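See below for run_11.pdb, which holds PDB, C-alpha atoms and all ligand atoms.
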```pdb
ATOM      1  CA  MET F   1     -20.135   5.365   6.830  1.00  0.00           C
ATOM      2  CA  PRO F   2     -20.382   9.197   6.982  1.00  0.00           C
ATOM      3  CA  GLN F   3     -18.199  11.254   4.677  1.00  0.00           C
ATOM      4  CA  GLN F   4     -15.283  13.055   6.259  1.00  0.00           C
ATOM      5  CA  PRO F   5     -14.641  16.256   4.298  1.00  0.00           C
ATOM      6  CA  THR F   6     -10.964  17.060   4.231  1.00  0.00           C
ATOM      7  CA  ASN F   7     -10.144  20.405   2.663  1.00  0.00           C
ATOM      8  CA  ALA F   8      -6.498  20.825   3.408  1.00  0.00           C
ATOM      9  CA  PRO F   9      -3.352  18.739   3.561  1.00  0.00           C
ATOM     10  CA  ALA F  10      -3.174  16.730   6.760  1.00  0.00           C
ATOM     11  CA  ARG F  11       0.392  17.794   7.440  1.00  0.00           C
ATOM     12  CA  ALA F  12       1.737  21.281   7.916  1.00  0.00           C
ATOM     13  CA  GLY F  13       4.204  21.955   5.161  1.00  0.00           C
ATOM     14  CA  GLY F  14       2.381  19.486   2.898  1.00  0.00           C
ATOM     15  CA  VAL F  15       1.659  19.976  -0.762  1.00  0.00           C
ATOM     16  CA  ALA F  16       0.043  23.375  -1.482  1.00  0.00           C
ATOM     17  CA  VAL F  17      -3.439  23.218  -2.999  1.00  0.00           C
ATOM     18  CA  PRO F  18      -3.373  25.004  -6.387  1.00  0.00           C
ATOM     19  CA  PRO F  19      -6.415  26.975  -7.636  1.00  0.00           C
ATOM     20  CA  SER F  20      -7.463  24.153  -9.990  1.00  0.00           C
ATOM     21  CA  ALA F  21      -7.866  21.615  -7.182  1.00  0.00           C
ATOM     22  CA  GLY F  22     -11.270  19.972  -6.974  1.00  0.00           C
ATOM     23  CA  PRO F  23     -13.070  17.462  -4.770  1.00  0.00           C
ATOM     24  CA  VAL F  24     -11.997  13.841  -5.136  1.00  0.00           C
ATOM     25  CA  HIS F  25     -13.991  11.160  -3.313  1.00  0.00           C
ATOM     26  CA  LEU F  26     -11.950   8.199  -2.158  1.00  0.00           C
ATOM     27  CA  THR F  27     -12.863   5.116  -0.127  1.00  0.00           C
ATOM     28  CA  ILE F  28      -9.838   4.044   1.855  1.00  0.00           C
ATOM     29  CA  ASN F  29      -9.855   1.159   4.312  1.00  0.00           C
ATOM     30  CA  GLY F  30     -13.639   1.328   4.406  1.00  0.00           C
ATOM     31  CA  GLN F  31     -13.789   5.060   5.176  1.00  0.00           C
ATOM     32  CA  GLN F  32     -14.939   7.728   2.747  1.00  0.00           C
ATOM     33  CA  HIS F  33     -12.856  10.855   2.283  1.00  0.00           C
ATOM     34  CA  THR F  34     -13.340  13.959   0.188  1.00  0.00           C
ATOM     35  CA  LEU F  35     -10.084  15.696  -0.639  1.00  0.00           C
ATOM     36  CA  GLN F  36      -9.363  18.896  -2.537  1.00  0.00           C
ATOM     37  CA  LEU F  37      -6.728  17.647  -4.942  1.00  0.00           C
ATOM     38  CA  ALA F  38      -5.007  18.902  -8.032  1.00  0.00           C
ATOM     39  CA  PRO F  39      -5.777  16.475 -10.870  1.00  0.00           C
ATOM     40  CA  TRP F  40      -2.143  15.456 -11.106  1.00  0.00           C
ATOM     41  CA  THR F  41      -1.880  14.336  -7.446  1.00  0.00           C
ATOM     42  CA  THR F  42      -0.747  10.734  -7.238  1.00  0.00           C
ATOM     43  CA  LEU F  43      -2.588   8.291  -5.024  1.00  0.00           C
ATOM     44  CA  LEU F  44       0.625   7.917  -3.010  1.00  0.00           C
ATOM     45  CA  ASP F  45       0.803  11.664  -2.280  1.00  0.00           C
ATOM     46  CA  ALA F  46      -2.928  11.781  -1.493  1.00  0.00           C
ATOM     47  CA  LEU F  47      -2.466   9.028   1.094  1.00  0.00           C
ATOM     48  CA  ARG F  48       0.690  10.368   2.681  1.00  0.00           C
ATOM     49  CA  GLU F  49       0.384  14.151   2.372  1.00  0.00           C
ATOM     50  CA  TYR F  50      -3.374  14.669   2.701  1.00  0.00           C
ATOM     51  CA  LEU F  51      -4.491  11.802   4.940  1.00  0.00           C
ATOM     52  CA  ASN F  52      -1.358  11.111   6.965  1.00  0.00           C
ATOM     53  CA  LEU F  53      -1.541   7.436   5.973  1.00  0.00           C
ATOM     54  CA  THR F  54       2.223   7.134   5.985  1.00  0.00           C
ATOM     55  CA  GLY F  55       2.346   3.346   6.162  1.00  0.00           C
ATOM     56  CA  THR F  56       2.505   3.419   2.362  1.00  0.00           C
ATOM     57  CA  LYS F  57       6.092   4.334   1.565  1.00  0.00           C
ATOM     58  CA  LYS F  58       7.685   6.455  -1.138  1.00  0.00           C
ATOM     59  CA  GLY F  59      10.849   4.794  -2.344  1.00  0.00           C
ATOM     60  CA  CYS F  60      11.720   5.563  -5.956  1.00  0.00           C
ATOM     61  CA  ASP F  61       8.499   7.438  -6.945  1.00  0.00           C
ATOM     62  CA  HIS F  62       9.042   5.889 -10.395  1.00  0.00           C
ATOM     63  CA  GLY F  63       7.354   2.477 -10.273  1.00  0.00           C
ATOM     64  CA  GLN F  64      10.551   0.571  -9.691  1.00  0.00           C
ATOM     65  CA  CYS F  65      10.676  -0.468  -6.026  1.00  0.00           C
ATOM     66  CA  GLY F  66       7.157  -1.478  -4.928  1.00  0.00           C
ATOM     67  CA  ALA F  67       7.381   0.370  -1.590  1.00  0.00           C
ATOM     68  CA  CYS F  68       4.173   2.231  -2.470  1.00  0.00           C
ATOM     69  CA  THR F  69       2.078  -0.880  -3.248  1.00  0.00           C
ATOM     70  CA  VAL F  70      -1.587  -0.673  -2.216  1.00  0.00           C
ATOM     71  CA  LEU F  71      -4.642  -2.712  -3.157  1.00  0.00           C
ATOM     72  CA  ILE F  72      -7.376  -1.398  -5.445  1.00  0.00           C
ATOM     73  CA  ASP F  73     -10.433  -3.646  -5.345  1.00  0.00           C
ATOM     74  CA  GLY F  74      -8.043  -6.340  -4.090  1.00  0.00           C
ATOM     75  CA  LYS F  75      -5.468  -5.939  -6.867  1.00  0.00           C
ATOM     76  CA  ARG F  76      -1.944  -4.618  -6.451  1.00  0.00           C
ATOM     77  CA  ILE F  77      -0.841  -1.297  -7.889  1.00  0.00           C
ATOM     78  CA  ASN F  78       2.101   1.056  -7.452  1.00  0.00           C
ATOM     79  CA  SER F  79       0.380   4.097  -5.979  1.00  0.00           C
ATOM     80  CA  CYS F  80       3.203   6.408  -7.130  1.00  0.00           C
ATOM     81  CA  LEU F  81       2.250   5.726 -10.752  1.00  0.00           C
ATOM     82  CA  SER F  82      -1.481   6.273 -10.412  1.00  0.00           C
ATOM     83  CA  LEU F  83      -3.494   9.467 -10.034  1.00  0.00           C
ATOM     84  CA  ALA F  84      -5.802   9.698  -7.036  1.00  0.00           C
ATOM     85  CA  VAL F  85      -8.674  10.962  -9.175  1.00  0.00           C
ATOM     86  CA  MET F  86      -8.660   7.682 -11.135  1.00  0.00           C
ATOM     87  CA  HIS F  87      -9.739   5.740  -8.050  1.00  0.00           C
ATOM     88  CA  GLU F  88     -13.089   7.300  -7.217  1.00  0.00           C
ATOM     89  CA  GLY F  89     -15.627   4.547  -6.627  1.00  0.00           C
ATOM     90  CA  GLU F  90     -12.991   1.896  -5.912  1.00  0.00           C
ATOM     91  CA  GLU F  91     -11.989   0.228  -2.647  1.00  0.00           C
ATOM     92  CA  ILE F  92      -8.492   1.317  -1.713  1.00  0.00           C
ATOM     93  CA  THR F  93      -6.716  -0.753   0.933  1.00  0.00           C
ATOM     94  CA  THR F  94      -3.452   0.316   2.520  1.00  0.00           C
ATOM     95  CA  ILE F  95      -1.340  -1.425   5.131  1.00  0.00           C
ATOM     96  CA  GLU F  96      -3.325   0.457   7.798  1.00  0.00           C
ATOM     97  CA  GLY F  97      -6.437  -1.404   6.619  1.00  0.00           C
ATOM     98  CA  LEU F  98      -4.973  -4.897   6.747  1.00  0.00           C
ATOM     99  CA  GLY F  99      -4.582  -5.394  10.468  1.00  0.00           C
ATOM    100  CA  THR F 100      -4.443  -3.641  13.824  1.00  0.00           C
ATOM    101  CA  THR F 101      -1.938  -3.655  16.660  1.00  0.00           C
ATOM    102  CA  GLU F 102      -4.347  -5.818  18.654  1.00  0.00           C
ATOM    103  CA  SER F 103      -5.189  -8.125  15.784  1.00  0.00           C
ATOM    104  CA  LEU F 104      -2.402  -8.528  13.266  1.00  0.00           C
ATOM    105  CA  HIS F 105      -3.124  -9.684   9.736  1.00  0.00           C
ATOM    106  CA  PRO F 106      -1.734 -13.220   9.153  1.00  0.00           C
ATOM    107  CA  LEU F 107       0.913 -11.800   6.805  1.00  0.00           C
ATOM    108  CA  GLN F 108       2.010  -9.257   9.424  1.00  0.00           C
ATOM    109  CA  GLN F 109       2.344 -12.034  11.997  1.00  0.00           C
ATOM    110  CA  ALA F 110       4.225 -14.245   9.533  1.00  0.00           C
ATOM    111  CA  PHE F 111       6.674 -11.431   8.709  1.00  0.00           C
ATOM    112  CA  ILE F 112       7.452 -11.133  12.435  1.00  0.00           C
ATOM    113  CA  ASP F 113       7.724 -14.896  12.903  1.00  0.00           C
ATOM    114  CA  HIS F 114      10.079 -15.288   9.925  1.00  0.00           C
ATOM    115  CA  ASP F 115      12.226 -12.225  10.645  1.00  0.00           C
ATOM    116  CA  ALA F 116      11.236 -10.915   7.228  1.00  0.00           C
ATOM    117  CA  PHE F 117      12.510  -7.347   7.613  1.00  0.00           C
ATOM    118  CA  GLN F 118      15.325  -5.244   8.966  1.00  0.00           C
ATOM    119  CA  CYS F 119      14.627  -1.509   8.519  1.00  0.00           C
ATOM    120  CA  GLY F 120      10.986  -2.232   7.591  1.00  0.00           C
ATOM    121  CA  TYR F 121      10.767   0.418   4.881  1.00  0.00           C
ATOM    122  CA  CYS F 122       9.718  -2.032   2.159  1.00  0.00           C
ATOM    123  CA  THR F 123       7.494  -4.102   4.471  1.00  0.00           C
ATOM    124  CA  PRO F 124       4.085  -2.425   3.952  1.00  0.00           C
ATOM    125  CA  GLY F 125       4.527  -2.759   0.199  1.00  0.00           C
ATOM    126  CA  GLN F 126       5.690  -6.366   0.529  1.00  0.00           C
ATOM    127  CA  ILE F 127       2.664  -7.267   2.647  1.00  0.00           C
ATOM    128  CA  CYS F 128       0.156  -5.499   0.371  1.00  0.00           C
ATOM    129  CA  SER F 129       1.755  -7.172  -2.628  1.00  0.00           C
ATOM    130  CA  ALA F 130       1.585 -10.585  -0.969  1.00  0.00           C
ATOM    131  CA  GLN F 131      -2.084 -10.037  -0.106  1.00  0.00           C
ATOM    132  CA  GLY F 132      -2.687  -9.092  -3.730  1.00  0.00           C
ATOM    133  CA  LEU F 133      -1.244 -12.306  -5.056  1.00  0.00           C
ATOM    134  CA  ILE F 134      -3.191 -14.309  -2.506  1.00  0.00           C
ATOM    135  CA  ASN F 135      -6.351 -12.511  -3.676  1.00  0.00           C
ATOM    136  CA  GLU F 136      -5.443 -13.425  -7.252  1.00  0.00           C
ATOM    137  CA  GLY F 137      -5.151 -17.091  -6.255  1.00  0.00           C
ATOM    138  CA  LYS F 138      -1.576 -17.175  -7.517  1.00  0.00           C
ATOM    139  CA  ALA F 139       1.767 -18.050  -5.962  1.00  0.00           C
ATOM    140  CA  ARG F 140       1.352 -21.770  -5.415  1.00  0.00           C
ATOM    141  CA  THR F 141       5.079 -22.511  -5.598  1.00  0.00           C
ATOM    142  CA  GLU F 142       8.235 -20.828  -4.285  1.00  0.00           C
ATOM    143  CA  ASP F 143       9.250 -19.884  -7.808  1.00  0.00           C
ATOM    144  CA  GLU F 144       5.859 -18.283  -8.434  1.00  0.00           C
ATOM    145  CA  ILE F 145       6.111 -16.296  -5.203  1.00  0.00           C
ATOM    146  CA  ARG F 146       9.612 -15.114  -6.149  1.00  0.00           C
ATOM    147  CA  GLU F 147       8.453 -14.124  -9.633  1.00  0.00           C
ATOM    148  CA  LEU F 148       5.230 -12.423  -8.520  1.00  0.00           C
ATOM    149  CA  MET F 149       6.940 -10.517  -5.699  1.00  0.00           C
ATOM    150  CA  SER F 150       9.874  -9.460  -7.895  1.00  0.00           C
ATOM    151  CA  GLY F 151       8.523  -5.916  -8.205  1.00  0.00           C
ATOM    152  CA  ASN F 152       9.001  -5.396  -4.463  1.00  0.00           C
ATOM    153  CA  LEU F 153      12.624  -4.637  -3.703  1.00  0.00           C
ATOM    154  CA  CYS F 154      14.194  -4.975  -0.256  1.00  0.00           C
ATOM    155  CA  ARG F 155      17.377  -3.011   0.177  1.00  0.00           C
ATOM    156  CA  CYS F 156      18.123  -4.922   3.390  1.00  0.00           C
ATOM    157  CA  GLY F 157      18.049  -8.209   1.507  1.00  0.00           C
ATOM    158  CA  ALA F 158      15.472  -9.891   3.751  1.00  0.00           C
ATOM    159  CA  TYR F 159      14.246 -11.936   0.801  1.00  0.00           C
ATOM    160  CA  ILE F 160      14.521 -15.388   2.402  1.00  0.00           C
ATOM    161  CA  GLY F 161      12.384 -14.304   5.366  1.00  0.00           C
ATOM    162  CA  ILE F 162       9.883 -12.601   3.073  1.00  0.00           C
ATOM    163  CA  LEU F 163       9.605 -15.712   0.903  1.00  0.00           C
ATOM    164  CA  ASN F 164       9.102 -17.978   3.925  1.00  0.00           C
ATOM    165  CA  ALA F 165       6.509 -15.659   5.459  1.00  0.00           C
ATOM    166  CA  VAL F 166       4.462 -15.403   2.272  1.00  0.00           C
ATOM    167  CA  LYS F 167       4.786 -19.148   1.656  1.00  0.00           C
ATOM    168  CA  GLU F 168       3.470 -19.953   5.114  1.00  0.00           C
ATOM    169  CA  VAL F 169       0.353 -17.831   4.634  1.00  0.00           C
ATOM    170  CA  VAL F 170      -0.233 -19.046   1.064  1.00  0.00           C
ATOM    171  CA  GLU F 171       0.003 -22.676   2.207  1.00  0.00           C
ATOM    172  CA  LYS F 172      -2.613 -22.111   4.922  1.00  0.00           C
ATOM    173  CA  LYS F 173      -5.118 -20.815   2.331  1.00  0.00           C
TER     174      LYS F 173
HETATM  175  S1  LIG F 201       7.710   4.421  -4.771  1.00  0.00           S
HETATM  176 FE1  LIG F 201       6.297   3.537  -6.136  1.00  0.00          FE
HETATM  177  S2  LIG F 201       7.389   1.906  -7.040  1.00  0.00           S
HETATM  178 FE2  LIG F 201       8.880   2.923  -5.834  1.00  0.00          FE
HETATM  179  S1  LIG F 202      13.545  -4.453   5.342  1.00  0.00           S
HETATM  180 FE1  LIG F 202      14.778  -2.728   4.795  1.00  0.00          FE
HETATM  181  S2  LIG F 202      14.292  -2.416   2.709  1.00  0.00           S
HETATM  182 FE2  LIG F 202      13.298  -4.273   3.182  1.00  0.00          FE
END
```
Rewrite the coordinates I just gave you, this time as structure tokens.
Amino acid sequence: MPQQPTNAPARAGGVAVPPSAGPVHLTINGQQHTLQLAPWTTLLDALREYLNLTGTKKGCDHGQCGACTVLIDGKRINSCLSLAVMHEGEEITTIEGLGTTESLHPLQQAFIDHDAFQCGYCTPGQICSAQGLINEGKARTEDEIRELMSGNLCRCGAYIGILNAVKEVVEKK
């Protein structure tokens, strides 16, 4: 896949690039990107402010809500707590990389089928987190799903739908 040099924030009014910014090479959803980033730029800000990948949400920005969950080499992380520069050479997957409008990911379909959201703000993080625990081969019981998804908060309280959606996909594995 050819590299796509990106030298400026994707959004007008985005984060200004300070003089100490340098090239950071990231592989996101199978595509390579080179961004000019200050070393302290979080992965969450790199995704949202520089690449316009706004499916990943900023909730608390302090590692407490899970809205910013993405997958790094298949494992879940809070992207607000991690610097973009730490993820060179790794496979980063965001909600945009899990399915398409034409072909939904099984978790996306299950969330629709089980009415597992209201406002939808937490949903990308919930789905990435659920995919992470499926990748880890965990969550074989309801209690395990509850425990392993406990870092993903839903202010709308759609927890029953979320649990049922994740359970359905886990059981089909
Ligand atoms: S925005 Fe990262 S955990 Fe809340
Ligand atoms: S659906 Fe609104 S925060 Fe979860």
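For the pair atom CA of Ala21 of chain F and atom CA of Leu37 of chain F, the interatomic distance is 4.7 Å.
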Mind listing as an NGL selection string all residues within 8 Å of (2.2, -0.6, -1.3), counting all atoms listed in the file? :F and (56-57 or 66-71 or 76-79 or 94-95 or 124-129)
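The coordinates place atom CA of Leu104 of chain F at 24.8 Å from atom S2 of ligand LIG 201 (chain F).
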Selection under test: the PyMOL selection byres (((chain F and resi 86) around 12) and not hetatm); residues as an mmCIF file with C-alpha atoms, in the frame of the given file:
```cif
data_model
loop_
_atom_site.group_PDB
_atom_site.id
_atom_site.type_symbol
_atom_site.label_atom_id
_atom_site.label_comp_id
_atom_site.auth_asym_id
_atom_site.auth_seq_id
_atom_site.Cartn_x
_atom_site.Cartn_y
_atom_site.Cartn_z
ATOM 1 C CA VAL F 24 -11.997 13.841 -5.136
ATOM 2 C CA HIS F 25 -13.991 11.160 -3.313
ATOM 3 C CA LEU F 26 -11.950 8.199 -2.158
ATOM 4 C CA LEU F 37 -6.728 17.647 -4.942
ATOM 5 C CA PRO F 39 -5.777 16.475 -10.870
ATOM 6 C CA TRP F 40 -2.143 15.456 -11.106
ATOM 7 C CA THR F 41 -1.880 14.336 -7.446
ATOM 8 C CA THR F 42 -0.747 10.734 -7.238
ATOM 9 C CA LEU F 43 -2.588 8.291 -5.024
ATOM 10 C CA ALA F 46 -2.928 11.781 -1.493
ATOM 11 C CA ILE F 72 -7.376 -1.398 -5.445
ATOM 12 C CA SER F 79 0.380 4.097 -5.979
ATOM 13 C CA LEU F 81 2.250 5.726 -10.752
ATOM 14 C CA SER F 82 -1.481 6.273 -10.412
ATOM 15 C CA LEU F 83 -3.494 9.467 -10.034
ATOM 16 C CA ALA F 84 -5.802 9.698 -7.036
ATOM 17 C CA VAL F 85 -8.674 10.962 -9.175
ATOM 18 C CA HIS F 87 -9.739 5.740 -8.050
ATOM 19 C CA GLU F 88 -13.089 7.300 -7.217
ATOM 20 C CA GLY F 89 -15.627 4.547 -6.627
ATOM 21 C CA GLU F 90 -12.991 1.896 -5.912
ATOM 22 C CA GLU F 91 -11.989 0.228 -2.647
ATOM 23 C CA ILE F 92 -8.492 1.317 -1.713
#
```
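Of the residues listed (F:Gln64, F:Gly99, F:Lys75, F:Leu35), F:Gln64 shows the shortest atom-to-atom separation from Asn152 of chain F; distances use only C-alpha atoms.
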Run the PyMOL selection byres (((not hetatm)) within 12 of (chain F and resi 202)) mentally over the shown coordinates, then write out the matched residues as a compact mmCIF listing (two decimals) with C-alpha atoms, keeping the file's coordinate frame, using the chain letters and numbers from the document.
```txt
# COMPACT_ATOMS: atom_id res chain seq x y z
CA LYS F 57 6.09 4.33 1.56
CA LYS F 58 7.68 6.46 -1.14
CA GLY F 59 10.85 4.79 -2.34
CA CYS F 65 10.68 -0.47 -6.03
CA GLY F 66 7.16 -1.48 -4.93
CA ALA F 67 7.38 0.37 -1.59
CA PHE F 111 6.67 -11.43 8.71
CA ILE F 112 7.45 -11.13 12.44
CA ASP F 115 12.23 -12.22 10.64
CA ALA F 116 11.24 -10.92 7.23
CA PHE F 117 12.51 -7.35 7.61
CA GLN F 118 15.32 -5.24 8.97
CA CYS F 119 14.63 -1.51 8.52
CA GLY F 120 10.99 -2.23 7.59
CA TYR F 121 10.77 0.42 4.88
CA CYS F 122 9.72 -2.03 2.16
CA THR F 123 7.49 -4.10 4.47
CA PRO F 124 4.08 -2.42 3.95
CA GLY F 125 4.53 -2.76 0.20
CA GLN F 126 5.69 -6.37 0.53
CA ILE F 127 2.66 -7.27 2.65
CA ASN F 152 9.00 -5.40 -4.46
CA LEU F 153 12.62 -4.64 -3.70
CA CYS F 154 14.19 -4.97 -0.26
CA ARG F 155 17.38 -3.01 0.18
CA CYS F 156 18.12 -4.92 3.39
CA GLY F 157 18.05 -8.21 1.51
CA ALA F 158 15.47 -9.89 3.75
CA TYR F 159 14.25 -11.94 0.80
CA ILE F 160 14.52 -15.39 2.40
CA GLY F 161 12.38 -14.30 5.37
CA ILE F 162 9.88 -12.60 3.07
```
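Our summary of the geometry notes that atom CA of Glu49 of chain F is positioned 15.6 Å from atom CA of Pro23 of chain F.
The shortest atom-to-atom distance to ligand LIG 201 (chain F), with only C-alpha atoms and all ligand atoms taken into account, belongs to F:Gly63 out of F:Gly55, F:Pro106, F:Gly63, F:Gly137.
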Box dimensions and centre (Å, one decimal) enclosing ligand LIG 201 (chain F), axis-aligned, 6 Å extra per side, as lines of an AutoDock Vina configuration file:
```
center_x = 7.6
center_y = 3.2
center_z = -5.9
size_x = 14.6
size_y = 14.5
size_z = 14.3
```
If we count all atoms listed in the file, what is near Leu148 of chain F at a cut-off of 9 Å, once residues fewer than 3 positions away on the same chain are taken out, given as a VMD selection string? chain F and resid 129 to 130 133 138 to 139 143 to 145 151 to 152
Residue with the minimum atom-to-atom distance to ligand LIG 201 (chain F), picked from F:Leu51, F:Leu44, F:Leu163, F:Cys60 with only C-alpha atoms and all ligand atoms counted, is F:Cys60
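In terms of minimum interatomic distance to ligand LIG 201 (chain F), F:Ser150 ranks closest within F:Gln109, F:Gln32, F:Ser150, F:Glu102, counting all atoms listed in the file.
Ranking F:Gly74, F:Gly22, F:Gly97, F:Gly30 by their shortest atom-to-atom distance to Ile134 of chain F, with all atoms listed in the file included, puts F:Gly74 first.
With distances restricted to all atoms listed in the file, F:Tyr50 is the closest residue to His33 of chain F from F:Tyr50, F:Gln108, F:Asp45, F:Asp113.
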Quick test: take segment 80-157 of chain F, keep C-alpha atoms, and write it as a PDB file, in the first residue's frame.
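To be explicit, this is the file written out as decode.pdb:
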```
ATOM      1  CA  CYS F  80      -6.357   8.983  24.890  1.00  0.00           C
ATOM      2  CA  LEU F  81      -3.695   7.542  27.199  1.00  0.00           C
ATOM      3  CA  SER F  82      -1.203   6.524  24.536  1.00  0.00           C
ATOM      4  CA  LEU F  83       1.153   8.613  22.419  1.00  0.00           C
ATOM      5  CA  ALA F  84       0.889   8.218  18.658  1.00  0.00           C
ATOM      6  CA  VAL F  85       4.656   7.909  18.291  1.00  0.00           C
ATOM      7  CA  MET F  86       4.603   4.725  20.402  1.00  0.00           C
ATOM      8  CA  HIS F  87       2.612   2.892  17.732  1.00  0.00           C
ATOM      9  CA  GLU F  88       4.935   3.005  14.742  1.00  0.00           C
ATOM     10  CA  GLY F  89       5.180  -0.463  13.229  1.00  0.00           C
ATOM     11  CA  GLU F  90       1.929  -1.672  14.795  1.00  0.00           C
ATOM     12  CA  GLU F  91      -1.459  -2.372  13.221  1.00  0.00           C
ATOM     13  CA  ILE F  92      -3.961   0.174  14.463  1.00  0.00           C
ATOM     14  CA  THR F  93      -7.632  -0.640  13.914  1.00  0.00           C
ATOM     15  CA  THR F  94     -10.399   1.870  14.517  1.00  0.00           C
ATOM     16  CA  ILE F  95     -14.144   1.488  14.142  1.00  0.00           C
ATOM     17  CA  GLU F  96     -13.768   2.677  10.530  1.00  0.00           C
ATOM     18  CA  GLY F  97     -11.670  -0.435   9.854  1.00  0.00           C
ATOM     19  CA  LEU F  98     -14.097  -2.961  11.301  1.00  0.00           C
ATOM     20  CA  GLY F  99     -16.907  -2.805   8.786  1.00  0.00           C
ATOM     21  CA  THR F 100     -18.436  -0.767   5.981  1.00  0.00           C
ATOM     22  CA  THR F 101     -21.910   0.598   5.358  1.00  0.00           C
ATOM     23  CA  GLU F 102     -22.408  -2.116   2.743  1.00  0.00           C
ATOM     24  CA  SER F 103     -20.933  -4.888   4.844  1.00  0.00           C
ATOM     25  CA  LEU F 104     -21.360  -4.391   8.564  1.00  0.00           C
ATOM     26  CA  HIS F 105     -19.097  -6.153  11.033  1.00  0.00           C
ATOM     27  CA  PRO F 106     -21.041  -8.834  12.986  1.00  0.00           C
ATOM     28  CA  LEU F 107     -20.769  -6.732  16.155  1.00  0.00           C
ATOM     29  CA  GLN F 108     -22.163  -3.672  14.361  1.00  0.00           C
ATOM     30  CA  GLN F 109     -25.101  -5.731  13.107  1.00  0.00           C
ATOM     31  CA  ALA F 110     -25.665  -7.235  16.559  1.00  0.00           C
ATOM     32  CA  PHE F 111     -25.679  -3.778  18.184  1.00  0.00           C
ATOM     33  CA  ILE F 112     -28.440  -2.743  15.758  1.00  0.00           C
ATOM     34  CA  ASP F 113     -30.390  -5.968  16.259  1.00  0.00           C
ATOM     35  CA  HIS F 114     -30.234  -5.696  20.063  1.00  0.00           C
ATOM     36  CA  ASP F 115     -30.925  -1.956  20.273  1.00  0.00           C
ATOM     37  CA  ALA F 116     -27.589  -1.592  22.037  1.00  0.00           C
ATOM     38  CA  PHE F 117     -27.288   2.200  21.874  1.00  0.00           C
ATOM     39  CA  GLN F 118     -29.201   5.428  22.189  1.00  0.00           C
ATOM     40  CA  CYS F 119     -26.989   8.452  21.415  1.00  0.00           C
ATOM     41  CA  GLY F 120     -24.252   6.177  20.012  1.00  0.00           C
ATOM     42  CA  TYR F 121     -21.355   8.153  21.464  1.00  0.00           C
ATOM     43  CA  CYS F 122     -19.890   5.184  23.350  1.00  0.00           C
ATOM     44  CA  THR F 123     -20.677   2.668  20.588  1.00  0.00           C
ATOM     45  CA  PRO F 124     -17.414   2.702  18.574  1.00  0.00           C
ATOM     46  CA  GLY F 125     -15.467   2.138  21.781  1.00  0.00           C
ATOM     47  CA  GLN F 126     -17.864  -0.591  22.907  1.00  0.00           C
ATOM     48  CA  ILE F 127     -17.534  -2.410  19.585  1.00  0.00           C
ATOM     49  CA  CYS F 128     -13.727  -2.129  19.455  1.00  0.00           C
ATOM     50  CA  SER F 129     -13.553  -3.329  23.044  1.00  0.00           C
ATOM     51  CA  ALA F 130     -15.824  -6.281  22.296  1.00  0.00           C
ATOM     52  CA  GLN F 131     -13.704  -7.209  19.272  1.00  0.00           C
ATOM     53  CA  GLY F 132     -10.639  -7.038  21.500  1.00  0.00           C
ATOM     54  CA  LEU F 133     -12.022  -9.493  23.995  1.00  0.00           C
ATOM     55  CA  ILE F 134     -13.119 -11.806  21.210  1.00  0.00           C
ATOM     56  CA  ASN F 135      -9.562 -11.637  19.825  1.00  0.00           C
ATOM     57  CA  GLU F 136      -8.265 -12.509  23.289  1.00  0.00           C
ATOM     58  CA  GLY F 137     -10.526 -15.575  23.380  1.00  0.00           C
ATOM     59  CA  LYS F 138     -12.149 -14.315  26.566  1.00  0.00           C
ATOM     60  CA  ALA F 139     -15.710 -13.529  27.600  1.00  0.00           C
ATOM     61  CA  ARG F 140     -17.234 -16.991  27.608  1.00  0.00           C
ATOM     62  CA  THR F 141     -19.900 -16.132  30.183  1.00  0.00           C
ATOM     63  CA  GLU F 142     -22.180 -13.146  30.816  1.00  0.00           C
ATOM     64  CA  ASP F 143     -20.260 -12.291  33.966  1.00  0.00           C
ATOM     65  CA  GLU F 144     -16.972 -12.332  32.059  1.00  0.00           C
ATOM     66  CA  ILE F 145     -18.406 -10.052  29.376  1.00  0.00           C
ATOM     67  CA  ARG F 146     -19.684  -7.642  32.044  1.00  0.00           C
ATOM     68  CA  GLU F 147     -16.319  -7.646  33.814  1.00  0.00           C
ATOM     69  CA  LEU F 148     -14.203  -7.319  30.661  1.00  0.00           C
ATOM     70  CA  MET F 149     -16.384  -4.555  29.207  1.00  0.00           C
ATOM     71  CA  SER F 150     -16.542  -2.643  32.503  1.00  0.00           C
ATOM     72  CA  GLY F 151     -14.056  -0.046  31.258  1.00  0.00           C
ATOM     73  CA  ASN F 152     -16.540   1.066  28.593  1.00  0.00           C
ATOM     74  CA  LEU F 153     -19.144   3.347  30.107  1.00  0.00           C
ATOM     75  CA  CYS F 154     -22.506   4.104  28.500  1.00  0.00           C
ATOM     76  CA  ARG F 155     -24.139   7.250  29.771  1.00  0.00           C
ATOM     77  CA  CYS F 156     -27.417   6.218  28.124  1.00  0.00           C
ATOM     78  CA  GLY F 157     -27.463   3.000  30.122  1.00  0.00           C
TER      79      GLY F 157
END
```
